[in-house]
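Containing CSV, C-alpha atoms: input-v2.csv.
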chain,number,residue,atom,x,y,z
J,990,LEU,CA,95.5,106.7,80.5
J,991,ALA,CA,98.7,104.7,81.5
J,992,LEU,CA,97.9,105.3,85.1
J,993,THR,CA,94.4,104.1,84.7
J,994,SER,CA,95.6,101.0,82.9
J,995,ILE,CA,98.2,100.3,85.7
J,996,LYS,CA,95.6,101.0,88.3
J,997,THR,CA,93.1,98.6,86.6
J,998,GLU,CA,95.8,96.0,86.3
J,999,LYS,CA,96.7,96.3,89.9
J,1000,GLU,CA,93.1,96.2,91.0
J,1001,SER,CA,92.7,93.0,88.9
J,1002,GLU,CA,95.8,91.5,90.5
J,1003,THR,CA,94.4,92.5,93.9
J,1004,ASN,CA,91.0,90.9,93.1
J,1005,GLU,CA,92.7,87.7,92.0
J,1006,LEU,CA,94.8,87.5,95.2
J,1007,ASN,CA,91.7,88.2,97.3
J,1008,GLN,CA,89.9,85.4,95.5
J,1009,MET,CA,92.8,83.1,96.2
J,1010,LEU,CA,92.8,84.2,99.8
J,1011,SER,CA,89.0,83.5,100.0
J,1012,LYS,CA,89.5,80.0,98.5
J,1013,LYS,CA,92.2,79.3,101.1
J,1014,GLU,CA,90.0,80.5,103.9
J,1015,GLU,CA,87.2,78.3,102.6
J,1016,GLU,CA,89.7,75.4,102.6
J,1017,ILE,CA,90.6,76.1,106.2
J,1018,LEU,CA,86.9,76.3,107.2
J,1019,THR,CA,86.3,72.9,105.5
J,1020,SER,CA,89.4,71.6,107.3
J,1021,SER,CA,88.0,72.9,110.6
J,1022,GLN,CA,84.7,71.1,109.9
J,1023,THR,CA,86.5,67.9,109.1
J,1024,ILE,CA,88.5,68.2,112.4
J,1025,LYS,CA,85.2,68.7,114.3
J,1026,SER,CA,83.8,65.7,112.6
J,1027,LEU,CA,86.9,63.6,113.5
J,1028,GLN,CA,86.5,64.8,117.1
J,1029,GLU,CA,82.9,63.6,117.1
J,1030,GLN,CA,83.9,60.3,115.6
J,1031,SER,CA,86.6,59.9,118.2
J,1032,ALA,CA,84.1,60.6,121.0
J,1033,GLU,CA,81.7,58.1,119.5
J,1034,LEU,CA,84.5,55.5,119.4
J,1035,SER,CA,85.3,56.1,123.0
J,1036,ASP,CA,81.7,55.6,124.0
J,1037,GLU,CA,81.5,52.4,122.0
J,1038,LYS,CA,84.7,51.2,123.7
J,1039,ILE,CA,83.2,51.7,127.1
J,1040,GLN,CA,80.0,49.9,126.2
J,1041,PHE,CA,82.0,46.9,124.8
J,1042,SER,CA,84.1,46.8,128.0
J,1043,VAL,CA,81.0,46.6,130.2
J,1044,GLU,CA,79.0,44.2,128.1
J,1045,LEU,CA,81.8,42.0,126.6
J,1046,VAL,CA,84.7,41.7,128.9
J,1047,GLY,CA,85.9,38.6,127.0
J,1048,LYS,CA,86.4,40.6,123.8
J,1049,SER,CA,89.5,42.5,125.0
J,1050,ARG,CA,91.2,42.0,121.6
J,1051,ASN,CA,88.5,44.0,119.9
J,1052,ILE,CA,88.8,46.7,122.6
J,1053,GLN,CA,92.6,46.9,122.0
J,1054,SER,CA,91.9,47.3,118.3
J,1055,LEU,CA,89.5,50.2,118.9
J,1056,GLN,CA,92.0,51.8,121.2
J,1057,GLN,CA,94.7,51.6,118.6
J,1058,GLU,CA,92.4,53.1,116.0
J,1059,ASN,CA,91.4,55.9,118.4
J,1060,GLY,CA,95.1,56.6,119.0
J,1061,ASN,CA,95.8,56.7,115.3
J,1062,LEU,CA,92.9,59.1,114.8
J,1063,SER,CA,94.1,61.3,117.6
J,1064,ASN,CA,97.6,61.4,116.2
J,1065,ASP,CA,96.2,62.2,112.7
J,1066,PHE,CA,94.1,64.9,114.3
J,1067,VAL,CA,97.1,66.5,116.0
J,1068,LEU,CA,99.2,66.3,112.8
J,1069,PHE,CA,96.4,67.8,110.8
J,1070,LYS,CA,95.8,70.5,113.4
J,1071,ASP,CA,99.5,71.4,113.4
J,1072,GLU,CA,99.6,71.6,109.6
J,1073,SER,CA,96.5,73.8,109.6
J,1074,ILE,CA,98.0,76.2,112.0
J,1075,LYS,CA,101.2,76.4,109.9
J,1076,ALA,CA,99.1,77.0,106.8
J,1077,ILE,CA,97.2,79.7,108.5
J,1078,GLU,CA,100.4,81.4,109.6
J,1079,VAL,CA,101.8,81.2,106.1
J,1080,LEU,CA,98.6,82.7,104.7
J,1081,LYS,CA,98.7,85.5,107.3
J,1082,GLU,CA,102.3,86.3,106.4
J,1083,GLU,CA,101.5,86.2,102.6
J,1084,LYS,CA,98.6,88.5,103.2
J,1085,LYS,CA,100.8,90.9,105.3
J,1086,ASN,CA,103.4,91.0,102.5
J,1087,PHE,CA,100.8,91.5,99.8
J,1088,VAL,CA,99.2,94.4,101.7
J,1089,LYS,CA,102.6,95.9,102.2
J,1090,GLU,CA,103.5,95.5,98.5
J,1091,CYS,CA,100.2,97.0,97.5
J,1092,GLU,CA,100.7,100.0,99.8
J,1093,GLU,CA,104.1,100.5,98.3
J,1094,ARG,CA,102.8,100.3,94.8
J,1095,ILE,CA,100.0,102.7,95.6
J,1096,SER,CA,102.4,105.2,97.2
J,1097,ALA,CA,104.7,105.0,94.1
J,1098,LEU,CA,101.8,105.6,91.8
J,1099,GLU,CA,100.6,108.5,93.9
J,1100,ASN,CA,104.0,110.1,93.8
J,1101,ASP,CA,104.3,109.6,90.1
J,1102,TYR,CA,100.8,111.1,89.6
J,1103,GLU,CA,101.7,114.1,91.8
J,1104,THR,CA,104.9,114.7,89.8
J,1105,LYS,CA,103.1,114.6,86.5
J,1106,LEU,CA,100.3,116.8,87.8
J,1107,ASP,CA,102.9,119.4,89.0
J,1108,ILE,CA,104.5,119.3,85.5
J,1109,LEU,CA,101.2,119.8,83.9
J,1110,GLU,CA,100.3,122.7,86.2
J,1111,ASN,CA,103.7,124.4,85.5
J,1112,SER,CA,103.2,124.0,81.8
J,1113,ARG,CA,99.7,125.4,82.0
J,1114,GLY,CA,101.1,128.4,83.9
J,1115,GLN,CA,103.8,129.0,81.3
J,1116,MET,CA,101.3,128.7,78.5
J,1117,MET,CA,99.0,131.2,80.2
J,1118,LYS,CA,102.0,133.7,80.5
J,1119,ILE,CA,102.9,133.2,76.8
J,1120,LEU,CA,99.2,133.7,75.8
J,1121,MET,CA,99.0,136.9,77.9
J,1122,SER,CA,102.2,138.3,76.5
J,1123,GLU,CA,101.0,137.6,72.9
J,1124,GLU,CA,97.7,139.2,73.7
J,1125,GLU,CA,99.5,142.3,75.0
J,1126,GLU,CA,101.7,142.4,71.9
J,1127,LEU,CA,98.7,142.2,69.6
J,1128,LYS,CA,97.0,145.1,71.5
J,1129,LYS,CA,100.1,147.3,70.9

Could I get this structure in the form of structure tokens?
Amino acid sequence: LALTSIKTEKESETNELNQMLSKKEEEILTSSQTIKSLQEQSAELSDEKIQFSVELVGKSRNIQSLQQENGNLSNDFVLFKDESIKAIEVLKEEKKNFVKECEERISALENDYETKLDILENSRGQMMKILMSEEEELKK
């Protein structure tokens, strides 16, 4: 009963951690979609910049402003990408540590279970010997 309780508790903990991992993976996916959207926006801004250059040579100040904005978006994108990569690496390491810890816990529980099972089997054998000897004494 205690092993079942511990196993249930550990399975619950595992499920909770798996849910947390799923949420983080969803956040990363959302971030990737945001990055793609930012890339598309950056490409659109570049196209607009070229059109303005061809059509409105006299508006160079506006072009400079768009170039600055594009540069800022590119820098933000690089920073965000780097942070995402670091977050993914941290999650991978946490997952690796979690799996290792779970394996160690499972191994410890299996060893404990085997030890208790051996004790029970030995006790059963001793009880059978006692019962057999009592039966023989009764037959005498």

Considering all atoms listed in the file, return as an MDAnalysis selection string whatever protein or nucleic-acid residues lie within 10 Å of Leu992 in chain J, sequence-local ones (same chain, fewer than 3 positions apart) excluded.
chainID J and resid 995:998 1098:1099 1101:1102

For the atom pair CA of Gln1022 in chain J and CA of Lys1038 in chain J, what is the interatomic distance in Å to one decimal place?
->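 Separation between CA of Gln1022 in chain J and CA of Lys1038 in chain J: 24.2 Å.
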
Q) What does the distance from CA of Ile1074 in chain J to CA of Glu1033 in chain J come to in Å, to one decimal? A)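 Computing the Euclidean distance for CA of Ile1074 in chain J and CA of Glu1033 in chain J yields 25.5 Å.
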
| Distance criterion (all atoms listed in the file): nearest to Ser1021 in chain J out of J:Asn1086, J:Asn1111, J:Ser1122, J:Ser1073 |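 So, comparing all the options, the nearest one is J:Ser1073.
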
Figure out the distance between CA of Leu1027 in chain J and CA of Phe1066 in chain J, please, to one decimal in Å.
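We find that CA of Phe1066 in chain J and CA of Leu1027 in chain J lie 7.4 Å from each other.
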
Of J:Thr1019, J:Gln1056, J:Ser1049, J:Ser1112, the one sitting nearest Asp1036 in chain J when using all atoms listed in the file is J:Gln1056

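Considering the residues J:Val1088, J:Leu1127, J:Ile1024, J:Val1043 and counting all atoms listed in the file, Glu1072 in chain J has its shortest atom-to-atom contact with J:Ile1024.
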
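Near Glu1000 in chain J, within 12 Å and counting all atoms listed in the file, sit Leu992, Thr993, Ser994, Leu1006, Asn1007, Cys1091, Arg1094 and Ile1095 of chain J; same-chain residues fewer than 6 positions away were not included.
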
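Among J:Gln1028, J:Ile1119, J:Lys1013, J:Leu990, the residue with the shortest atom-to-atom distance to Asp1065 in chain J, counting all atoms listed in the file, is J:Gln1028.
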